[in-house]
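Some notes on the structure that comes next.
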Amino acid sequence: MKRSLLLAAVIAIATSVAAAQAPSPVPDANPNWNKRLWPTERTSTFAQLPKDPVKLFDNLYSVGFTAISPFLITTSAGLVLIDAGWPETVEALMKNIRAVGQDPAAIKYIFVTHARVDHFGGAGNIKGMVPGLRVGMSSLDWDDAERQMKAGTKGQENSVPAPLARDLVINDGDVIHVGDTAFKFYVVPGTTPGSLAIDYQVKDRGKSYRAMHTGAVAMYGDPSTADAYIKGLERLKMLGPWDVLLPNHPFMAQPKDLGEIERDMAARGKGPNPAVAGPAKINAFFDDAIKLAREKQSMEQQRKGVAQAQ
């Protein structure tokens with residue numbers, strides 16, 4: 001009996017020593033970080049994209065699709081379109097704009113949140129349809145867009161961006177007035193190095209709300225951009241308070257998926273606008289995004305350290 005107890009003690013000590021000496025395990029999983037931040041993340045084929053437009057505010061319409069979210073803003077001097085979708089979706093986008101009683105020929109600007117084909121790819125087509133229309137991106141994203149067009153970079157279902165010459169270059173802090181509406185821009189590294197955040201007022205039943213539309217929140221890809229991405233999120237939070245956070249993909253909306261917000265609008269009655277998340281919820285979102293980005297960065301640094309030690 002004593003020998004058994006002694007043997008058990010020796011094994012326990014040896015196991016404890018081995019565990020203490022062993023390096024911390026490095027997770028070998030490859031998490032979907034966007035899915036963790038936005039549980040309803042999704043994609044759709046071009047055939048699955050069309051949906052009806054929805055009026056969210058007196059001066060703002062959701063005119064996009066099931067997986068990407070162009071928005072139309074009405075002003076006293078014409079229309080502003082935020083993001084242009086793919087070349088393949090331009091016809092459906094124009095149909096949605098007409099369905100809300102607006103004329104695509106009145107579009108004065110397309111502001112592109114970031115240079116990815118699902119957001120700027122159709123801009124060249126629309127610009128060709130509307131004389132005098134201006135397309136705006138940051139200088140860094142114009143560089144990126146031009147590289148993609150020159151290389152024939154393919155996106156979903158082999159979509160390539162429509163030809164588009166460099167037009168309006170938007171700088172950090174710029175303000176563009178379109179009639180009674182002012183759009184202020186911040187260049188914030190995110191999905192692309194020159195992603196734009198756009199600050200403007202939306203109106204609902206006699207009240208105005210501060211809204212932000214940004215291309216900077218999708219989780220960074222290249223580990224070398226982690227610090228810039230995190231600083232960008234911190235800056236966006238600091239620039240608040242924000243009442244409304246508008247997405248460039250439906251699942252990125254706050255306080256919940258844009259599809260749910262749009263359904264709630266139909267049943268709103270005299271209640272509050274479901275698209276108004278409020279500063280507390282938007283700040284909580286930024287805090288969650290920053291925390292998750294730091295977790296991702298820590299995992300990448302840990303893996304890099306293990307790889308260098310081998």
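Every chain in the structure tokens has a letter given in the order shown (A, B, ...), and although residue numbers restart at 1 in each chain, ligands are simply numbered from 1 in the order shown.
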
| message | Excluding Thr66 in chain A and its own-chain neighbours fewer than 3 positions away, which residues fall within 12 Å of it when counting only C-alpha atoms? Please give them as number ranges by chain. | response | A: 40-53, 62-63, 69-70, 85, 89, 248-251, 257-260, 262

| message | Taking only range 57-301 of chain A into account, list the residues labelled strand (DSSP E or B) by DSSP (computed from the backbone), as a PyMOL selection string. | response | chain A and resi 57+60-62+71-75+78-82+107-111+134-138+168-170+175-178+181-187+196-204+207-214+244-246

| message | Need the shell around range 195-201 of chain A: protein/DNA/RNA residues with any atom at most 6 Å away, counting only C-alpha atoms. Skip same-chain ones fewer than 4 positions apart. Format as a list in words? | response |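 Near range 195-201 of chain A, the qualifying residues are Thr113, His114, Phe183, Lys184, Phe185, Tyr186, Val187, Val188, Pro189, Gly190, Tyr209, Arg210, Ala211, Met212, His213, Thr214, Gly215 and Ala216 of chain A.
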
| field | Selection near Ala275 in chain A, 7 Å with only C-alpha atoms, sequence-local residues under 6 positions removed, as a list of chain:residue names | value | A:Leu56, A:Val244, A:Ile261
